[in-house]
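What follows is a single structure, written as structure tokens, with notes after it.
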Amino acid sequence: MGSMPEQTRGIRIAIDRGGTFTDCVATVPGQDDILVKLLSVDPSNYADAPVEAIRRVLEKATGKPYPKVQKISVRGVERKGERTAFVVTKGLKDLLHIGNQSRPKLFDMAINKPDVLYSKVIEVAERVTLEAWTERKNPVPIDLKSDSALVRGITGEAVRVLEPIDIEKTRQALQEVYDEGYRSIAVCLMHSYTFRDHEQEVGKLAKEIGFTHISLSAELSPTIKIVPRGNSSTADAYLTPEIKRYIAGFESGFEDLRSSGCRCEFMQSDGGLVEFSGLSGLRAILSGPAGGCVGYARTAYDEQKKTPVIGFDMGGTSTDVSRYAGKLEQVFETTTAGVTVQSPQLDINTVAAGGGSILKWEAGIFKVGPDSASAHPGPACYRKGGPLTVTDANLVLGRLRPEFFPKIFGPNEDLPLDIEASRKLFEDVTVEVNKESTVKFTMEQVAAGFLDVANESMCRPIRTLTEAKGYDAGLHNLASFGGAGGQHACDIARKLGISRVLIHKYSSVLSAYGMALADVVHEDRSPCALIFSEDQLSVFAGELDKLEAKTVDALLKQRIAKSRITSERYLNMRFHGSDTPLMIQEMPGVSFLDAFKDAHQQQFGFLPVGRDVIIDDYRVRSIGASGFDTPTPWTTELASLKENWVTDSETTKGAYFKESGWSEIPVHSLGALSPGSKIKGPSLIIDDTQTIVVTPGSVATILSSNVVIDVEVGQKEVVSSRTADPIQLSIFGHRFMGVAEQMGRALQKTSVSTNIKERLDFSCTVFSPDGGLVANAPHVPAMIGSMAYAVKWQIDHWGNDLHPGDVILSNSPVCGGTHLPDLTVITPIFDVEGKNIIFWTASRGHHADIGGILPGSMPPNSRELWEEGAVIKAFKVVEGGEFKEEELTDLLMAPAKTPGCQGTRCLRDNISDIKAQAAANHRGSQLIHGLIADYGLEVVQFYMEEIQGAAELAVREMLKRIAKTTDGKPLEAVDYMDDGTPIQLKVDIDENTGGAVFNFEGTGPEAYVDIPLNQGAIRPIKVEMPEDSLLRPSEAAAVCAGNVLTSQRIVDVIFKAFGAAAASQGCMNNLTFGTDDSDDSFGYYETICGGSGGGPTWDGTSGVHTNMTNTRITDPEVLERRYPVILRRFCLRPGSGGAGAHPGGDGIVRDIEFCLPGIKVSILSERRAFAPYGLEGGEDGKRGQNLWVKKGGRTINLGGKNTALMGVGDRMVVMSPGGGGWGKVDEVNGLRYDSNPEKVHKSFVGVANGTVDMIQSMGESA
């Protein structure tokens, strides 16, 4: 269609409505910009904050009075959504509750999974699946004409319609829900991304019945993965009706908003504007942070010099960090408010550190956050009895001045900040610190120490964001905005090695200003599943042309002139076997394939050999330029300005800096400084909405729209290695943890196997020269605990026969290994002279197969270790920098020399992942050497020891407290493996020293507070185990079940002895399947969740991993695309959790049908004979069951450990155990989880979780 007449722009008003304040920036032709800031909710003065902001702008712009709008038709958005029903394929009703089955906080016994956003579930009788499976090495041609049940999907894949949708039953179910008052539904059916017919049928029926909002998942997010697609549809159905009501109310505040020709646009999470009639709740979750990102991208980035910029938006409760290098960086699958959604969002990452972060002295460490004082009660200085916070620290140090802060505190909201309240609490903390620390501190040193720790905690995610993508943080500029950003920007920059800070004059309202600068955007995607090849380029181009025509047409309908429209065209590409695609933009003169390979090398550091490249989907983003004139680059203005050093100031005030102590420093008013003014630090620059701290050694230059601060960097911080400073202890804790996290990210990036790259079944750690654990990211607990023993064994074994460039591989249980598929790669870190080992790094990953008698290398009937695959005690997989691939291949194929065994079935993946593990260790080595460059080896090793000492102290104090409650009596417990073998524990605690002996004498014969997690945590513990027992088997004994089953039961026994919680499912439900077919061999492994136990103050959680594992489970659609299976059921098992005052969580049912003959299925599980115990009168959870359901209907109970040879149509049904209950049942609390609850969901508040959150959750979910 032709372009509609374009609106001539007059006054442009941009509004950011936050939870507390509404910010407004208006540009008026021929006038200065108008800024308005007012409370978001103030019913005594106005009905709606944005409408009132517009009224005030119009009065100022025109000089005419405009009457207040006393009433609008609906209330403003209250962050509460619409009551929503979720329509899903039969058998998957609890899919979104289970999610990826991982728990959010690895060591939190009171598991708190996010609520689902729906209140009712409708299961629809329909089913389709994919005919082909991608793990097949030799695909078989499919003739669609040969079978009427086969159709071609949108992606080009062959789809088999197993069960057509039952129209009448679906209509009846929808009508029943409608009659209950539901008006919004979300529909998500299996494989609807490629076969939409059934979803569209449901949508048609819902519309006929009268539902007012219908969210179809394939229309909102046409991409594979049913879990995030289902979450996306429910988020849209939950949020959009409420937003539409708000828009209607907003409209009612004006006489003719639609017909007047006035443009009304809303910000979206992807950084683009959309006309208000087309706004989706799913796309607007993070519109505020997106505005800020656009704001600094347009004002702080120089297109000529192209220095990338890090955005640092520090508010009261949290801080948002992001990156801009000439293009808004987006992510397409994120987790916000605990809900994983598929929707384009800017890569913005929220850190739980802000002005309101609570400060604590705990276990000898300065601790900042993650808890926040929030707006109520707020910091101590807010006069509401709040706790000590970062804001209080800035206040007592003179970095925040009460006289320049609004007087809005106290009972009448007319008093200034209460500095005396802050000082009193800091004095109390200082006394506490000086009692426990050998270093004595003043109150100011304590406050400055907390700020130092806070700044380090904010630097950690910034390093993660940049370094995880292959960039050096120090090569960026830092753009600071938000209410508290200016107080910390210089210190943050110095820690990151950034030499320049940029603060815009509108930094406190930059989200609103960014919206004023944003473009109108419309984008669309369509799925694909084609292999990339040059002869398919015309096909790709044709699909992109269709999308471009649609997106451009959508902008033309919004009255955007065609001359202002440009389009970006993308292919979402990945290597075969990977689940991590990259969005590649079409660029002139560069092929898609070359661009993809370059991006893959940049992101992941390697290119897989011999793998096809798959196109997952097409995407086009069409942009209607905002029409705003591009301002003169700040770099150009900076270079042309005449310098004017400012030596006088309006006033001076006392301030404390750790470099110089207390001194009188100048305080400048930003409005009184002309462009070209230069100010030396230390000094303060203040205006109505912000305070900028210019630190000692820094220089601020005033521009027309920016403050540019040049920060002195490169000076090594002087830290003593004689006396432990608790401030530095906290900082080094962050730095060491950051090393382990970066190692984990490097491994996940460079690995190729599903187990490591997507299920995240790995751990990365840093060790001291003697093999003591220093730091680890929170990965797999079963791996972490034993890795120190693996390192120590290698230290004893190799002695002095290790040299720079050597890397060791081991998996033997007698050498600190777990089960054989867990391969450990260990790297010594040498000093700069290459003489002494100063640290170790290690990574352990679960490989899908390393040979043995069955695929998966975890046979349930193994008796000897050799049956489980290759055994490697100590092998230099890299020697002097040379990777020993031939020798490694011989080791991995060696099991084939034993009758009945095979060598590894995944040799190529094994070798690639071992290389990835070595690369992750090397990354850790680089970061350790970087830390040494900053502080010196002596200081780094000193604090390595002190961190372990702090952990030891925390554990000893905890054990002393427990000993006092037991009157010196030992803690005892016994539990039984399913074969009757006892695991018996007696814990003797020394009340004076805090030491403990864990004695497992009596265990049967072989059959087989927030505490820093490092070697110090286990120093107070002595473990005694009888030889040749279940816990200390002989060298030749089979052990594959020990790591995944016995370890779970040991944790339950320990919890039972301490009375900590009722038993969780006590199992990992290890399921493997595959074939030994030489032409089409494949293997798959997963662990399956269950119920967690209730505790003294919490209910158990249903459908979650517990104890020693937290691995994710493969998305159902990905599972069916890769393997010849159909997931018939994946849902909760109601009533399997033990009843109690705090009931146990329910287990799950996982029902898999096999579509190929000769697939061997193995199950390794526990709690099939002995139920998960309840405590304190709580009932036991239900035992699990493993059923082989033959195609003809015959059902065979396989017991806890077995192997079966499946025929076509046979099913494996795993029913996992529930958790035990805690306390006697009462009428109020003895209720189990209802998998189809009638409830109103809690408030849904979007949080910006991009790359950093993905990396951190990767660590937790492992």
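Labels for the structure tokens follow display order: chains A, B, ..., residues from 1 in each chain, ligands from 1.
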
* Can you list, as a ChimeraX atom specification, every residue of segment 223-353 of chain A that DSSP puts in helix (DSSP H, G or I)? -> /A:226-251,276-278,282-284,287-300

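Distance annotation: of A:Tyr1085, A:Phe1058, A:Phe21, A:Phe405, the residue with the minimal separation from Lys1160 of chain A is A:Tyr1085; atom set is only C-alpha atoms.
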
* Asked: Which residues come within 9 Å of Thr307 of chain A, counting only C-alpha atoms, excluding same-chain residues fewer than 2 positions away, as a list of chain:residue names?
  -> A:Tyr301, A:Asp302, A:Glu303, A:Gln304, A:Lys305, A:Val309, A:Ala325, A:Gly326, A:Leu475, A:His476, A:Asn477

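Using only C-alpha atoms, the shortest contact distance between Phe276 of chain A and any of A:Leu150, A:Ile1152, A:Val520, A:Ala473 is found at A:Val520.
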
* Using only C-alpha atoms, determine which residues lie at most 9 Å from Asp822 of chain A, disregarding the query and same-chain residues fewer than 4 positions distant; provide the list as a PyMOL selection string. => chain A and resi 762+783+810-811+817-818+844-847

Selection to disk with C-alpha atoms, as an mmCIF file, in the first residue's frame:
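Output below, filename result_39.cif:
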```cif
data_model
loop_
_atom_site.group_PDB
_atom_site.id
_atom_site.type_symbol
_atom_site.label_atom_id
_atom_site.label_comp_id
_atom_site.auth_asym_id
_atom_site.auth_seq_id
_atom_site.Cartn_x
_atom_site.Cartn_y
_atom_site.Cartn_z
ATOM 1 C CA PHE A 762 29.790 -29.596 34.387
ATOM 2 C CA MET A 783 31.243 -32.843 41.155
ATOM 3 C CA SER A 810 41.568 -38.244 34.704
ATOM 4 C CA ASN A 811 38.300 -39.986 35.559
ATOM 5 C CA GLY A 817 36.806 -39.124 40.246
ATOM 6 C CA THR A 818 33.083 -39.758 40.537
ATOM 7 C CA ARG A 844 34.800 -31.666 35.106
ATOM 8 C CA GLY A 845 32.151 -32.493 32.525
ATOM 9 C CA HIS A 846 29.732 -35.368 32.060
ATOM 10 C CA HIS A 847 30.380 -36.909 28.635
#
```

* Pick out the residues sitting within 12 Å of Gly1059 of chain A, and hand them over as a ChimeraX atom specification; count only C-alpha atoms, and ignore anything fewer than 6 positions along from it in its own chain. => /A:962,965-966,971-973,1051-1053,1093-1096,1173-1176,1222-1223

Could those residues be written to a file, using C-alpha atoms, as a compact mmCIF listing (two decimals), in the first residue's frame?
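Produced file part-v3.txt, reproduced below:
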```txt
# COMPACT_ATOMS: atom_id res chain seq x y z
CA ILE A 962 24.25 -26.74 66.73
CA THR A 965 21.20 -27.33 71.02
CA THR A 966 22.09 -31.04 71.36
CA LEU A 971 23.61 -36.67 65.89
CA GLU A 972 22.66 -40.01 64.39
CA ALA A 973 20.69 -41.19 61.39
CA VAL A 1051 22.71 -35.87 51.67
CA ASP A 1052 19.34 -37.12 52.92
CA VAL A 1053 21.06 -38.99 55.76
CA GLY A 1093 11.17 -32.29 51.26
CA GLY A 1094 9.26 -29.97 53.56
CA GLY A 1095 11.18 -28.15 56.28
CA PRO A 1096 10.58 -26.29 59.54
CA TYR A 1173 11.12 -40.07 54.99
CA GLY A 1174 9.00 -37.44 56.69
CA LEU A 1175 10.14 -35.69 59.86
CA GLU A 1176 8.54 -34.33 63.02
CA TRP A 1222 7.47 -31.96 57.84
CA GLY A 1223 5.31 -31.75 60.95
```

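For Arg1049 of chain A, the residues within 9 Å (counting only C-alpha atoms, excluding itself and residues fewer than 6 positions away along the chain) are Asp975, Tyr976, Met977, Ile983, Ala1063, Gly1066, Cys1067, Asn1107 and Glu1166 of chain A.
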
Take the selection from the previous step and output its residues with C-alpha atoms, as a PDB file, in the first residue's frame.
```pdb
ATOM      1  CA  ASP A 975      18.669 -44.684  55.809  1.00  0.00           C
ATOM      2  CA  TYR A 976      18.598 -47.577  53.373  1.00  0.00           C
ATOM      3  CA  MET A 977      19.343 -47.990  49.712  1.00  0.00           C
ATOM      4  CA  ILE A 983      23.900 -45.712  55.091  1.00  0.00           C
ATOM      5  CA  ALA A1063      13.851 -36.276  52.609  1.00  0.00           C
ATOM      6  CA  GLY A1066      16.719 -38.983  47.032  1.00  0.00           C
ATOM      7  CA  CYS A1067      17.407 -39.780  43.416  1.00  0.00           C
ATOM      8  CA  ASN A1107      20.505 -32.187  46.641  1.00  0.00           C
ATOM      9  CA  GLU A1166      16.465 -45.077  43.963  1.00  0.00           C
TER      10      GLU A1166
END
```

From a DSSP pass on the backbone, collect the residues of segment 154-352 of chain A flagged as strand (DSSP E or B) and hand them back as a JSON list (two decimals) with C-alpha atoms, in the first residue's frame.
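Below you can see result.json, which holds the result:
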```json
[["chain", "number", "residue", "atom", "x", "y", "z"],
["A", 158, "ALA", "CA", 7.69, -33.52, 7.72],
["A", 159, "VAL", "CA", 5.02, -33.47, 10.43],
["A", 160, "ARG", "CA", 2.98, -36.52, 11.42],
["A", 161, "VAL", "CA", -0.53, -35.81, 12.74],
["A", 162, "LEU", "CA", -0.88, -38.49, 15.39],
["A", 163, "GLU", "CA", -4.25, -37.24, 16.64],
["A", 184, "SER", "CA", -8.07, -14.26, 28.32],
["A", 185, "ILE", "CA", -6.44, -17.47, 27.13],
["A", 186, "ALA", "CA", -2.94, -18.52, 26.05],
["A", 187, "VAL", "CA", -2.63, -21.41, 23.60],
["A", 188, "CYS", "CA", 0.57, -23.44, 23.17],
["A", 213, "HIS", "CA", -7.88, -11.80, 24.38],
["A", 214, "ILE", "CA", -6.35, -14.84, 22.66],
["A", 215, "SER", "CA", -2.57, -15.35, 22.62],
["A", 216, "LEU", "CA", -1.43, -18.03, 20.16],
["A", 265, "GLU", "CA", 3.65, 5.49, 20.70],
["A", 266, "PHE", "CA", 4.84, 3.13, 23.40],
["A", 267, "MET", "CA", 8.34, 1.84, 24.08],
["A", 273, "LEU", "CA", 8.54, 2.36, 19.55],
["A", 274, "VAL", "CA", 5.18, 0.96, 18.45],
["A", 275, "GLU", "CA", 1.86, 2.68, 17.85],
["A", 309, "VAL", "CA", 30.15, 2.06, 25.72],
["A", 310, "ILE", "CA", 29.05, 0.24, 28.87],
["A", 311, "GLY", "CA", 25.75, 1.49, 30.27],
["A", 312, "PHE", "CA", 25.65, 1.77, 34.08],
["A", 313, "ASP", "CA", 22.17, 2.61, 35.39],
["A", 314, "MET", "CA", 22.24, 2.58, 39.20],
["A", 319, "THR", "CA", 21.63, -1.58, 38.83],
["A", 320, "ASP", "CA", 21.21, -2.25, 35.11],
["A", 321, "VAL", "CA", 24.30, -2.86, 32.98],
["A", 322, "SER", "CA", 24.43, -3.12, 29.18],
["A", 323, "ARG", "CA", 26.76, -2.56, 26.25],
["A", 324, "TYR", "CA", 26.57, -0.57, 23.02],
["A", 328, "LEU", "CA", 21.62, -2.23, 20.05],
["A", 330, "GLN", "CA", 19.47, -7.98, 21.64],
["A", 331, "VAL", "CA", 18.68, -11.33, 23.21],
["A", 332, "PHE", "CA", 15.73, -13.46, 22.18],
["A", 333, "GLU", "CA", 15.20, -15.75, 25.14],
["A", 334, "THR", "CA", 15.39, -14.29, 28.63],
["A", 335, "THR", "CA", 14.14, -14.93, 32.13],
["A", 336, "THR", "CA", 12.25, -12.12, 33.81],
["A", 339, "VAL", "CA", 9.59, -16.70, 33.76],
["A", 340, "THR", "CA", 11.54, -17.63, 30.62],
["A", 341, "VAL", "CA", 10.09, -15.95, 27.55],
["A", 342, "GLN", "CA", 10.94, -15.71, 23.86],
["A", 343, "SER", "CA", 10.75, -12.11, 22.78],
["A", 344, "PRO", "CA", 13.37, -9.67, 21.48],
["A", 345, "GLN", "CA", 14.79, -7.59, 24.31],
["A", 346, "LEU", "CA", 17.84, -5.42, 24.64],
["A", 349, "ASN", "CA", 21.24, -7.10, 32.93],
["A", 350, "THR", "CA", 19.93, -6.26, 36.38],
["A", 351, "VAL", "CA", 22.29, -6.60, 39.34]]
```

* To do: Can you pull out every residue within 7 Å of Val124 of chain A, counting only C-alpha atoms, but drop anything in the same chain fewer than 4 positions away, and send it as a PyMOL selection string?
  => chain A and resi 87-90+170

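The spacing separating atom CA of Arg1121 of chain A from atom CA of Gly153 of chain A amounts to 12.9 Å.
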
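Among the candidates A:Ala599, A:Val774, A:Ile686, A:Asp1226, the one nearest to Met583 of chain A when counting only C-alpha atoms is A:Ala599.
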
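Between atom CA of Met1068 of chain A and atom CA of Val116 of chain A the interatomic distance comes to 24.3 Å.
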